[in-house]
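A.B. asks: So here's my_file-v3.txt, just compact mmCIF, C-alpha atoms:
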# COMPACT_ATOMS: atom_id res chain seq x y z
CA ASN A 1 202.00 -32.20 131.64
CA LEU A 2 203.21 -29.33 129.50
CA LEU A 3 205.24 -31.73 127.34
CA LYS A 4 202.23 -33.94 126.86
CA LEU A 5 200.08 -30.95 125.88
CA GLU A 6 202.61 -29.81 123.26
CA THR A 7 202.79 -33.35 121.88
CA LEU A 8 199.01 -33.50 121.54
CA LYS A 9 199.01 -30.12 119.76
CA PHE A 10 201.65 -31.39 117.35
CA ILE A 11 199.60 -34.56 116.63
CA LYS A 12 196.48 -32.47 116.06
CA HIS A 13 198.29 -30.13 113.65
CA GLU A 14 199.75 -33.07 111.73
CA LEU A 15 196.30 -34.71 111.36
CA GLN A 16 194.75 -31.45 110.15
CA ASN A 17 197.69 -30.52 107.88
CA PRO A 18 199.45 -33.68 106.62
CA ASP A 19 203.08 -33.23 105.52
CA ASP A 20 203.01 -29.55 106.44
CA ASP A 21 206.48 -27.87 106.60
CA PRO A 22 206.61 -25.32 109.45
CA ARG A 23 209.61 -23.55 107.94
CA ALA A 24 209.20 -20.26 106.09
CA PRO A 25 209.34 -20.45 102.28
CA PHE A 26 212.87 -20.31 100.91
CA GLU A 27 213.95 -16.95 99.56
CA GLN A 28 217.03 -16.49 97.42
CA PRO A 29 219.45 -14.19 99.32
CA ASP A 30 220.53 -11.02 97.58
CA ASP A 31 224.13 -9.89 97.14
CA ARG A 32 224.16 -7.92 100.38
CA GLN A 33 222.91 -10.87 102.43
CA VAL A 34 225.48 -13.19 100.83
CA LEU A 35 228.30 -10.77 101.66
CA GLU A 36 227.14 -10.43 105.26
CA MET A 37 226.74 -14.19 105.70
CA LEU A 38 230.20 -15.00 104.31
CA THR A 39 232.23 -12.19 105.90
CA GLY A 40 230.29 -11.05 108.96
CA GLU A 41 230.53 -7.46 107.74
CA VAL A 42 227.32 -5.40 107.75
CA VAL A 43 226.83 -2.92 104.94
CA GLY A 44 225.81 0.41 106.41
CA GLU A 45 227.33 -0.37 109.82
CA THR A 46 230.83 -1.85 109.64
CA LEU A 47 231.09 -0.92 105.95
CA ARG A 48 229.85 2.55 105.02
CA GLU A 49 230.32 4.36 101.73
CA ASP A 50 230.13 7.87 103.22
CA GLY A 51 233.90 8.00 103.90
CA SER A 52 233.64 7.46 107.66
CA SER A 53 234.38 3.72 107.79
CA LEU A 54 237.99 2.83 108.74
CA VAL A 55 239.27 -0.72 108.31
CA SER A 56 242.53 -2.56 108.99
CA ALA A 57 243.88 -4.84 106.28
CA VAL A 58 247.00 -6.68 105.13
CA VAL A 59 248.43 -6.18 101.66
CA VAL A 60 248.43 -9.50 99.79
CA ARG A 61 249.28 -8.42 96.23
CA VAL A 62 251.08 -5.44 94.72
CA GLN A 63 251.02 -4.37 91.08
CA PRO A 64 252.48 -1.19 89.53
CA LYS A 65 249.12 0.62 89.50
CA PHE A 66 247.13 -1.05 92.28
CA ALA A 67 247.31 -3.23 95.37
CA ILE A 68 244.97 -5.80 96.89
CA ALA A 69 244.50 -5.82 100.67
CA ARG A 70 242.58 -8.41 102.69
CA LEU A 71 240.52 -7.55 105.78
CA ASP A 72 240.36 -9.79 108.85
CA SER A 73 236.91 -10.88 107.66
CA GLY A 74 238.40 -12.23 104.42
CA LEU A 75 236.95 -9.44 102.28
CA GLU A 76 239.42 -7.98 99.75
CA GLY A 77 239.84 -4.33 98.88
CA PHE A 78 241.26 -2.59 95.80
CA ILE A 79 243.70 0.30 96.36
CA SER A 80 244.57 2.26 93.24
CA VAL A 81 247.83 4.14 92.88
CA ALA A 82 245.95 7.43 93.22
CA ASN A 83 244.57 6.42 96.63
CA VAL A 84 247.83 5.34 98.27
CA THR A 85 249.20 8.76 99.27
CA ASP A 86 248.24 12.43 99.00
CA TYR A 87 251.28 13.06 96.82
CA ARG A 88 251.93 11.58 93.40
CA ILE A 89 253.81 8.28 93.15
CA GLU A 90 254.80 6.34 90.04
CA ALA A 91 254.27 2.80 91.38
CA VAL A 92 252.38 1.32 94.29
CA SER A 93 255.47 -0.70 95.25
CA ASP A 94 257.13 2.59 96.26
CA GLU A 95 254.89 2.65 99.35
CA LEU A 96 253.43 -0.84 99.82
CA ALA A 97 254.73 -4.39 100.03
CA PRO A 98 253.02 -7.77 100.50
CA GLY A 99 252.44 -8.58 104.17
CA GLN A 100 252.27 -4.94 105.21
CA SER A 101 249.43 -3.90 107.55
CA VAL A 102 247.52 -0.80 106.50
CA VAL A 103 244.62 1.36 107.65
CA ALA A 104 242.27 2.53 104.93
CA VAL A 105 238.90 4.20 104.33
CA VAL A 106 236.07 2.40 102.57
CA LYS A 107 235.12 4.42 99.48
CA ARG A 108 232.76 1.96 97.77
CA VAL A 109 231.24 -1.48 98.40
CA ASP A 110 230.93 -3.62 95.26
CA LEU A 111 228.26 -6.16 96.21
CA GLU A 112 228.39 -8.00 92.89
CA LYS A 113 232.14 -8.66 93.05
CA MET A 114 232.17 -8.81 96.89
CA SER A 115 235.05 -6.37 97.11
CA LEU A 116 235.82 -2.86 98.36
CA ASP A 117 237.42 0.25 96.96
CA LEU A 118 239.83 1.54 99.60
CA SER A 119 241.82 4.72 100.11
CA MET A 120 244.96 5.06 102.22
CA ARG A 121 245.41 8.78 101.62
CA GLN A 122 246.17 10.55 104.89
CA SER A 123 243.61 13.26 104.14
CA ASP A 124 240.88 10.61 103.76
CA VAL A 125 241.92 8.85 106.97
CA ASP A 126 241.94 12.15 108.92
CA GLU A 127 238.52 13.06 107.52
CA ALA A 128 237.12 9.64 108.49
CA LEU A 129 238.43 10.08 112.03
CA ARG A 130 236.89 13.56 112.23
CA ARG A 131 233.51 12.39 110.92
CA SER A 132 233.42 9.42 113.28
CA GLN A 133 233.69 11.73 116.32
CA ALA A 134 230.43 12.53 118.07
CA THR A 135 229.60 16.23 117.99
CA VAL A 136 229.31 17.87 121.42
CA PRO A 137 226.69 20.64 121.84
CA GLU A 138 227.73 24.04 123.11
CA ALA A 139 227.31 24.66 126.84
CA SER A 140 224.74 27.43 126.20
CA LEU A 141 222.50 24.94 124.42
CA VAL A 142 222.57 22.34 127.19
CA ASP A 143 219.82 22.07 129.80
CA ARG A 144 220.81 24.06 132.91
CA TYR A 145 220.16 20.99 135.03
CA PHE A 146 222.61 18.99 132.98
CA ASP A 147 225.63 17.70 134.98
CA LEU A 148 228.49 19.40 133.16
CA ASP A 149 231.14 18.10 135.58
CA SER A 150 230.22 14.49 134.89
CA GLU A 151 230.15 15.28 131.20
CA ALA A 152 233.69 16.68 131.44
CA VAL A 153 234.87 13.45 133.09
CA LEU A 154 233.27 11.40 130.34
CA ARG A 155 234.92 13.59 127.70
CA GLU A 156 238.34 12.98 129.26
CA ARG A 157 237.68 9.25 129.22
CA ALA A 158 236.59 9.44 125.60
CA LYS A 159 239.76 11.40 124.81
CA ALA A 160 241.89 8.66 126.38
CA LEU A 161 240.01 5.99 124.41
CA LYS A 162 240.50 8.02 121.25
CA LEU A 163 244.25 8.09 121.94
CA LYS A 164 244.28 4.31 122.23
CA SER A 165 242.16 4.00 119.09
CA SER A 166 244.53 6.27 117.18
CA ALA A 167 247.44 4.13 118.30
CA ARG A 168 245.65 1.01 117.05
CA MET A 169 245.16 2.71 113.67
CA ARG A 170 248.90 3.30 113.25
CA THR A 171 250.62 1.59 110.36
CA ILE A 172 254.32 0.79 110.76
CA PRO A 173 256.21 -0.28 107.62
CA HIS A 174 257.78 -3.45 108.99
CA PRO A 175 257.02 -7.14 108.23
CA LEU A 176 256.65 -7.95 111.96
CA PHE A 177 254.04 -5.24 112.53
CA LYS A 178 250.51 -6.34 113.45
CA PRO A 179 247.61 -4.06 114.48
CA PHE A 180 247.08 -6.02 117.72
CA ASN A 181 246.53 -5.18 121.34
CA SER A 182 248.37 -7.16 124.03
CA LYS A 183 245.77 -9.94 124.29
CA GLU A 184 245.50 -10.35 120.50
CA ALA A 185 249.30 -10.47 120.24
CA GLU A 186 249.46 -13.27 122.84
CA GLN A 187 246.77 -15.25 121.04
CA TYR A 188 248.58 -14.81 117.71
CA LEU A 189 251.94 -15.96 119.15
CA ASP A 190 250.45 -18.83 121.14
CA GLY A 191 250.81 -21.29 118.27
CA ARG A 192 254.19 -20.02 117.08
CA PRO A 193 257.74 -21.08 118.13
CA ARG A 194 259.46 -19.67 121.20
CA GLY A 195 261.31 -16.44 120.47
CA ASP A 196 258.88 -15.20 117.79
CA CYS A 197 257.71 -11.61 118.23
CA VAL A 198 255.34 -9.00 116.83
CA ILE A 199 255.64 -5.23 116.72
CA ARG A 200 252.36 -3.56 117.58
CA PRO A 201 250.86 -0.17 118.52
CA SER A 202 251.13 0.92 122.14
CA SER A 203 248.28 2.22 124.28
CA ARG A 204 250.72 4.72 125.80
CA GLY A 205 250.42 7.01 122.80
CA LEU A 206 251.76 7.68 119.35
CA ASP A 207 255.32 8.16 120.64
CA HIS A 208 255.46 4.56 121.89
CA ILE A 209 255.30 1.14 120.26
CA ALA A 210 255.28 -2.29 121.91
CA ILE A 211 257.04 -5.55 121.11
CA THR A 212 255.45 -8.78 122.32
CA TRP A 213 257.53 -11.96 122.15
CA LYS A 214 256.94 -15.55 123.21
CA VAL A 215 259.07 -16.54 126.21
CA ALA A 216 257.57 -20.01 126.70
CA GLU A 217 254.25 -21.80 126.21
CA GLY A 218 251.57 -19.43 127.49
CA LEU A 219 254.16 -16.88 128.65
CA PHE A 220 254.80 -13.61 126.80
CA GLN A 221 256.81 -10.47 127.49
CA HIS A 222 255.59 -7.02 126.44
CA ILE A 223 258.44 -4.56 125.88
CA ASP A 224 257.68 -0.83 125.88
CA VAL A 225 259.64 1.07 123.22
CA GLN A 226 259.79 4.86 123.19
CA GLU A 227 260.25 6.64 119.89
CA ARG A 228 262.43 9.73 119.50
CA ASP A 229 263.15 12.12 116.62
CA LYS A 230 259.73 11.70 114.96
CA PRO A 231 259.23 13.81 111.80
CA SER A 232 255.46 13.84 112.48
CA GLU A 233 252.98 12.50 115.02
CA THR A 234 252.09 9.36 113.09
CA ALA A 235 255.48 8.78 111.44
CA LEU A 236 257.99 6.29 112.83
CA GLY A 237 260.81 7.69 114.93
CA SER A 238 264.48 7.31 114.03
CA THR A 239 265.63 6.38 117.57
CA PHE A 240 264.09 3.69 119.78
CA LEU A 241 264.66 3.54 123.53
CA VAL A 242 264.24 0.44 125.70
CA GLY A 243 265.17 1.51 129.19
CA GLU A 244 268.61 3.12 128.78
CA ALA A 245 269.47 1.27 125.55
CA ALA A 246 269.04 3.12 122.24
CA TYR A 247 268.61 1.57 118.78
CA THR A 248 268.54 3.20 115.35
CA ASP A 249 265.89 0.99 113.71
CA LEU A 250 263.46 -1.81 114.53
CA ASP A 251 265.59 -4.55 112.94
CA GLU A 252 268.49 -3.58 115.20
CA LEU A 253 266.19 -3.56 118.22
CA VAL A 254 264.95 -7.08 117.53
CA ALA A 255 268.41 -8.43 116.64
CA PHE A 256 270.29 -6.88 119.58
CA HIS A 257 267.65 -6.85 122.31
CA VAL A 258 264.87 -9.42 121.85
CA ASP A 259 266.92 -12.20 120.23
CA PRO A 260 269.81 -12.08 122.77
CA ILE A 261 267.36 -12.28 125.70
CA SER A 262 265.71 -15.26 124.03
CA ARG A 263 269.09 -16.97 123.65
CA LYS A 264 269.92 -16.23 127.29
CA LEU A 265 266.73 -17.95 128.42
CA GLU A 266 267.43 -20.95 126.20
CA GLU A 267 270.85 -21.16 127.88
CA VAL A 268 269.11 -21.20 131.28
CA LYS A 269 266.76 -24.00 130.20
CA ARG A 270 269.71 -26.22 129.34
CA ASN A 271 271.17 -25.86 132.85
CA PRO A 272 270.62 -28.88 135.17
CA LYS A 273 269.27 -26.57 137.88
CA PHE A 274 266.44 -25.29 135.68
CA TYR A 275 263.01 -26.47 136.78
CA ASP A 276 259.80 -26.25 134.77
CA PRO A 277 256.74 -27.08 136.91
CA GLU A 278 254.68 -27.86 133.80
CA THR A 279 257.05 -30.48 132.34
CA ASP A 280 258.01 -32.23 135.59
CA PRO A 281 257.64 -36.01 134.92
CA LEU A 282 256.17 -36.37 138.40
CA TYR A 283 253.02 -34.65 137.13
CA ALA A 284 252.80 -36.39 133.75
CA THR A 285 249.26 -37.54 134.57
CA GLN A 286 248.26 -34.04 135.72
CA PRO A 287 248.87 -31.72 132.75
CA VAL A 288 248.22 -28.02 133.22
CA ALA A 289 245.51 -28.01 130.54
CA LEU A 290 243.57 -30.60 132.58
CA LEU A 291 243.98 -28.78 135.90
CA LEU A 292 243.49 -25.18 134.74
CA GLY A 293 241.50 -25.56 131.53
CA VAL A 294 242.09 -23.62 128.33
CA ASN A 295 244.12 -20.44 128.66
CA ASP A 296 241.64 -17.59 128.28
CA TYR A 297 244.33 -14.91 128.84
CA THR A 298 242.59 -13.50 131.93
CA GLU A 299 244.09 -12.42 135.24
CA GLU A 300 242.18 -15.16 137.03
CA TYR A 301 243.89 -17.83 134.88
CA ARG A 302 247.32 -16.27 135.51
CA THR A 303 246.70 -16.30 139.26
CA ARG A 304 245.73 -19.99 139.30
CA ARG A 305 248.75 -20.84 137.15
CA GLN A 306 251.05 -18.91 139.49
CA GLU A 307 249.67 -20.79 142.52
CA LEU A 308 250.23 -24.11 140.73
CA TRP A 309 253.84 -23.20 139.91
CA GLU A 310 254.58 -22.13 143.49
CA THR A 311 253.12 -25.33 144.92
CA ARG A 312 255.08 -27.60 142.58
CA THR A 313 258.33 -25.65 143.05
CA ALA A 314 258.06 -25.85 146.86
CA ARG A 315 257.36 -29.59 146.64
CA HIS A 316 260.30 -30.07 144.26
CA LEU A 317 262.75 -28.30 146.60
CA ASP A 318 261.40 -30.14 149.63
CA THR A 319 261.87 -33.49 147.88
CA LEU A 320 265.46 -32.60 146.93
CA ALA A 321 266.29 -31.42 150.43
CA GLN A 322 264.82 -34.50 152.10
CA SER A 323 266.63 -36.86 149.74
CA THR A 324 270.07 -35.24 150.15
CA GLY A 325 269.79 -34.02 153.75
CA ARG A 326 271.03 -30.60 152.58
CA GLY A 327 269.56 -27.40 151.26
CA SER A 328 268.31 -27.23 147.67
CA TYR A 329 267.74 -24.59 145.01
CA CYS A 330 266.40 -24.29 141.47
CA ILE A 331 265.89 -21.75 138.70
CA SER A 332 262.61 -21.22 136.89
CA LEU A 333 260.93 -18.68 134.65
CA SER A 334 258.97 -15.87 136.26
CA LEU A 335 255.24 -15.75 135.62
CA VAL A 336 254.90 -12.40 137.40
CA LYS A 337 257.67 -10.74 135.36
CA PRO A 338 257.92 -12.58 132.02
CA GLY A 339 261.44 -12.51 130.65
CA SER A 340 262.96 -12.71 134.17
CA LEU A 341 264.11 -15.64 136.31
CA VAL A 342 263.18 -16.81 139.80
CA LEU A 343 265.85 -18.38 142.01
CA ALA A 344 264.18 -20.44 144.73
CA PHE A 345 266.18 -21.70 147.74
CA LYS A 346 265.40 -23.97 150.68
CA PRO A 347 268.33 -23.61 153.16
CA THR A 348 267.75 -26.81 155.15
CA PRO A 349 265.35 -29.76 154.97
CA GLY A 350 263.57 -28.50 158.10
CA TYR A 351 263.19 -24.90 156.92
CA ALA A 352 259.53 -23.94 156.47
CA GLY A 353 258.85 -22.30 153.12
CA ILE A 354 261.30 -21.20 150.44
CA MET A 355 263.20 -18.01 149.70
CA LYS A 356 262.97 -16.37 146.29
CA TRP A 357 264.99 -13.84 144.32
CA THR A 358 264.20 -12.35 140.92
CA ALA A 359 267.01 -12.07 138.37
CA ARG A 360 266.58 -9.77 135.39
CA VAL A 361 267.69 -10.99 131.97
CA GLU A 362 269.41 -8.38 129.82
CA PRO A 363 270.78 -8.86 126.27
CA ASN A 364 274.36 -9.34 127.51
CA GLU A 365 274.05 -10.29 131.17
CA PHE A 366 271.99 -11.44 134.14
CA LYS A 367 271.28 -8.96 136.94
CA LEU A 368 270.64 -9.98 140.54
CA GLY A 369 269.95 -7.00 142.79
CA GLU A 370 271.67 -3.68 142.12
CA ARG A 371 275.28 -4.86 142.04
CA GLY A 372 275.08 -8.45 140.83
CA ARG A 373 275.89 -8.58 137.10
CA TYR A 374 276.88 -11.89 135.51
CA PRO A 375 277.72 -12.71 131.87
CA ASP A 376 276.31 -16.26 131.89
CA ILE A 377 274.11 -18.62 133.89
CA ASN A 378 277.05 -20.24 135.67
CA GLY A 379 278.19 -16.85 136.92
CA LEU A 380 274.66 -16.08 138.11
CA ILE A 381 274.47 -19.33 140.08
CA ASN A 382 277.87 -18.79 141.70
CA GLY A 383 276.98 -15.20 142.56
CA PHE A 384 273.71 -16.40 144.09
CA LYS A 385 275.61 -18.92 146.23
CA ARG A 386 278.11 -16.30 147.40
CA MET A 387 275.25 -14.03 148.36
CA GLN A 388 273.70 -16.79 150.51
CA THR A 389 276.94 -17.64 152.33
CA THR A 390 277.90 -14.03 153.11
CA GLN A 391 274.68 -12.20 153.92
CA LYS A 392 272.79 -12.36 157.21
CA PRO A 393 269.04 -12.06 156.64
CA ALA A 394 268.10 -11.69 160.32
CA GLY A 395 267.40 -8.07 161.20
CA ARG A 396 267.32 -6.88 157.57
CA SER A 397 264.83 -4.19 156.68
CA ALA A 398 262.13 -4.63 154.06
CA HIS A 399 263.76 -1.82 152.07
CA GLU A 400 267.03 -3.74 151.91
CA ASP A 401 265.22 -6.88 150.74
CA ARG A 402 263.47 -4.99 147.96
CA ARG A 403 266.71 -3.29 146.96
CA GLU A 404 268.35 -6.65 146.33
CA GLY A 405 265.42 -7.85 144.21
CA ARG A 406 264.23 -10.24 146.89
CA SER A 407 260.69 -11.59 147.00
CA HIS A 408 260.13 -14.45 149.38
CA GLY A 409 257.62 -16.30 151.49
CA ARG A 410 259.78 -16.51 154.62
CA SER A 411 263.19 -14.94 154.06
CA SER A 412 264.60 -14.37 157.57
CA TYR A 413 265.23 -16.62 160.51
CA ALA A 414 263.56 -16.11 163.86
CA ASP A 415 266.81 -15.22 165.58
CA SER A 416 270.45 -14.65 164.70
CA GLY A 417 271.53 -17.72 166.65
CA ARG A 418 269.57 -20.00 164.32
CA TRP A 419 271.08 -18.22 161.33
CA GLU A 420 274.63 -18.80 162.60
CA ARG A 421 273.91 -22.51 163.17
CA ASP A 422 272.50 -22.91 159.65
CA ARG A 423 275.27 -20.80 158.17
CA SER A 424 277.91 -23.11 159.60
CA SER A 425 276.48 -25.91 157.48
CA ARG A 426 275.99 -23.82 154.32
CA SER A 427 279.15 -25.02 152.67
CA GLY A 428 277.50 -28.39 152.11
CA ALA A 429 273.95 -27.14 151.62
CA TRP A 430 274.13 -26.76 147.86
CA GLY A 431 274.93 -30.30 146.85
CA ASP A 432 277.71 -28.95 144.63
CA SER A 433 280.90 -26.89 144.89
CA HIS A 434 280.69 -23.20 145.76
CA GLN A 435 282.58 -22.30 142.63
CA SER A 436 280.79 -24.64 140.25
CA SER A 437 277.19 -24.84 139.06
CA SER A 438 276.41 -28.45 138.33
Will you turn the file into C-alpha cells for me?
C.D. replies:
Amino acid sequence: NLLKLETLKFIKHELQNPDDDPRAPFEQPDDRQVLEMLTGEVVGETLREDGSSLVSAVVVRVQPKFAIARLDSGLEGFISVANVTDYRIEAVSDELAPGQSVVAVVKRVDLEKMSLDLSMRQSDVDEALRRSQATVPEASLVDRYFDLDSEAVLRERAKALKLKSSARMRTIPHPLFKPFNSKEAEQYLDGRPRGDCVIRPSSRGLDHIAITWKVAEGLFQHIDVQERDKPSETALGSTFLVGEAAYTDLDELVAFHVDPISRKLEEVKRNPKFYDPETDPLYATQPVALLLGVNDYTEEYRTRRQELWETRTARHLDTLAQSTGRGSYCISLSLVKPGSLVLAFKPTPGYAGIMKWTARVEPNEFKLGERGRYPDINGLINGFKRMQTTQKPAGRSAHEDRREGRSHGRSSYADSGRWERDRSSRSGAWGDSHQSSS
C-alpha cells in the first residue's frame, strides 16, 4: 500500500509540474571542493596550514634546489632546499633520493595548483608533534569529583599510542623502507613475488625496526630487528640484531638473513616430501579462495585457513599410509610460525591422528629441537627419521615435548608395549631408506 501511495504522489507531482527535475541546480565547484573530490583530503582537517599537519609522502623527483613528493592521496608537495634540514645544504640530492619515504609538515595549501608546500626540517616536525598533543589541565583546576586514577590510565594508553605513532613517523633512508604497519605491509606484498620484503617502523619503539617478507601466497613473516649504537633517538643505528646475529647495515641484513631463509624454503619446496594443501590436485575444484573467501588479514581468516590445512594434511597422510601399508610423513610450511616448517608423521595406517614437529629455518641451517642442526633439507629429513626410530614417546613429560619443539595432536602411545610393537616395524614405515630422503 505504501508503494502504491508513493506512486500516486509521483503521478500527481508530474501532472502538476510537467518535466520537473527534482535535482538541485548545478553549482560549479570551487578549487577546494575539486581538491577534496579528487584526493579525499579535507582542507582544514587533514591538511592544515597552521604547521600542525604531518603527512607521509614518497619522493618522486629531485632537483638541485627542490624536490617533489607525492602523498598517498596522489597530491604532490614541493620541498625547497631550505626546508629539507635545519642545517644548510648545497643540493637537495645530498639528503633525498627518488623513492625515499619522508615525513613532512604542511606549510601551505595551493588550491589553484592543487599542490602543497612541505617542510622536512626536524624543528618543524617536532613543533607539529608538540602542537598536535592535547593539553592536559593541571590537577588543581580539575573538578574534585573527577576520576584522576582513570585519567592516569588513559594518559598511559595515550603515551603508548604516541610511541607507536612516533615510530610510524620515522623515515629510514633505504629504498625498501615503507611507512607501513604489519597489515599494510602484508597487503602491499600480497601481489609481489615470493621473497620480496619491506623495511618498516616497529611498534616496539624507536630502537626497533621490522622487516616483513613474503614466504608464500598469503603467508608473511615479520622479523623484529633491534637497533644499537644510535647517534640520536630518531636516527638509524649502526648495528642491527636479529636474535643473536648482528649486522652492520640493512643491506647486509637482507642479503645474509632474509634472502638465505627464502632460498632455504625454496629448497624445501622442491623436495618430493613437501606438501602444499592449497595446490594439491585432489582439491583442484575446491580452491581456497572459494572455500574461505577473500583474505581480509584477520585472525578469524587465519584460524579457518589453519583448520583447512590441518584437515587436508591429515587426509593426505592417511591416504599415503593406506596405499602403502606403512607409516607416512610430509613437510609443509607453518601457518602459526611463518618462516618455519611443520613435519607431520603418521606412524602406522591404523594410528589415530598425526604427530607434528616444528623446524626452525635459519640462514645457514635447519633446527629441530635444541640439538638438531642440519645444513640442508636432506639432513633434516634423515635427522627426523633417526629421532623417530630412537626415541620412546610413552611416558614423556610435556616439558620434554616442548623442549624438542614438538606440537602434536596425539604424540604418545597408550602403553609402552604398543610402542615397542610399532617400533619393531619402523624400519619399513617410511617408504624409503633411513639414510636417504626420497
A.B. asks: Within 10 Å of A:Gly195, counting only C-alpha atoms, which residues show up once you throw out same-chain ones fewer than 2 positions away? Write them as a list of chain:residue names, please.
C.D. replies: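 My reading of the contact set: A:Leu189, A:Arg192, A:Pro193, A:Cys197, A:Thr212, A:Trp213, A:Lys214, A:Val215, A:Ala216, A:Phe220, A:Val258, A:Asp259, A:Pro260, A:Ile261, A:Ser262, A:Arg263, A:Leu265, A:Glu266.
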A.B. asks: Between A:Leu308, A:Ala245, A:Leu8, A:Leu75, which has the minimum distance to A:Asp110 (counting only C-alpha atoms)?
C.D. replies: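 That would be A:Leu75, the residue with the smallest distance to A:Asp110.
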A.B. asks: Atom CA of A:Phe180 and atom CA of A:Leu111, how far apart in Å?
C.D. replies: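 A separation of 28.6 Å between them.
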A.B. asks: Between atom CA of A:Tyr374 and atom CA of A:Val225, what is the distance in Å, rounded to a tenth?
C.D. replies: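 That distance, rounded to one decimal, is 24.8 Å.
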A.B. asks: Nearest residue to A:Glu186 out of A:Val294, A:Leu219, A:Val336, A:Leu236, using all atoms listed in the file?
C.D. replies: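 The answer is A:Leu219, which sits nearest to A:Glu186.
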A.B. asks: May I have the residues within 6 Å of A:Ala344 as an MDAnalysis selection string, using only C-alpha atoms and disregarding those fewer than 4 positions away in the same chain?
C.D. replies: chainID A and resid 329:330 355:356
A.B. asks: Quote the spacing between atom CA of A:Leu380 and atom CA of A:Gly218 in Å to one decimal place.
C.D. replies: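 These atoms are spaced 25.6 Å apart.
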A.B. asks: Any chance you could turn stretch 339-354 of chain A into a file with N, CA and C atoms, as a compact mmCIF listing (two decimals), in the first residue's frame?
C.D. replies:
# COMPACT_ATOMS: atom_id res chain seq x y z
N GLY A 339 57.72 -18.80 8.17
CA GLY A 339 59.16 -18.90 8.06
C GLY A 339 59.71 -20.17 8.67
N SER A 340 58.84 -20.98 9.31
CA SER A 340 59.23 -22.27 9.88
C SER A 340 58.57 -23.39 9.08
N LEU A 341 58.94 -24.64 9.41
CA LEU A 341 58.39 -25.82 8.74
C LEU A 341 57.67 -26.70 9.75
N VAL A 342 56.71 -27.45 9.25
CA VAL A 342 55.99 -28.44 10.06
C VAL A 342 56.27 -29.81 9.47
N LEU A 343 56.78 -30.73 10.28
CA LEU A 343 56.97 -32.12 9.87
C LEU A 343 55.86 -32.94 10.49
N ALA A 344 55.00 -33.49 9.65
CA ALA A 344 53.84 -34.26 10.10
C ALA A 344 54.10 -35.74 9.83
N PHE A 345 53.75 -36.62 10.79
CA PHE A 345 54.10 -38.04 10.72
C PHE A 345 52.93 -38.88 11.22
N LYS A 346 52.59 -39.90 10.43
CA LYS A 346 51.59 -40.89 10.82
C LYS A 346 52.32 -42.22 10.91
N PRO A 347 52.58 -42.76 12.12
CA PRO A 347 53.43 -43.94 12.28
C PRO A 347 52.93 -45.18 11.57
N THR A 348 51.63 -45.45 11.67
CA THR A 348 51.05 -46.65 11.05
C THR A 348 49.72 -46.29 10.43
N PRO A 349 49.22 -47.09 9.49
CA PRO A 349 47.91 -46.78 8.90
C PRO A 349 46.78 -46.73 9.92
N GLY A 350 46.90 -47.52 11.01
CA GLY A 350 45.82 -47.54 12.00
C GLY A 350 45.97 -46.53 13.11
N TYR A 351 47.04 -45.72 13.07
CA TYR A 351 47.26 -44.75 14.14
C TYR A 351 46.30 -43.58 13.99
N ALA A 352 45.61 -43.24 15.08
CA ALA A 352 44.62 -42.15 15.05
C ALA A 352 45.34 -40.81 15.23
N GLY A 353 45.14 -39.91 14.29
CA GLY A 353 45.77 -38.60 14.37
C GLY A 353 47.14 -38.60 13.74
N ILE A 354 47.83 -37.48 13.84
CA ILE A 354 49.19 -37.34 13.32
C ILE A 354 50.04 -36.64 14.37
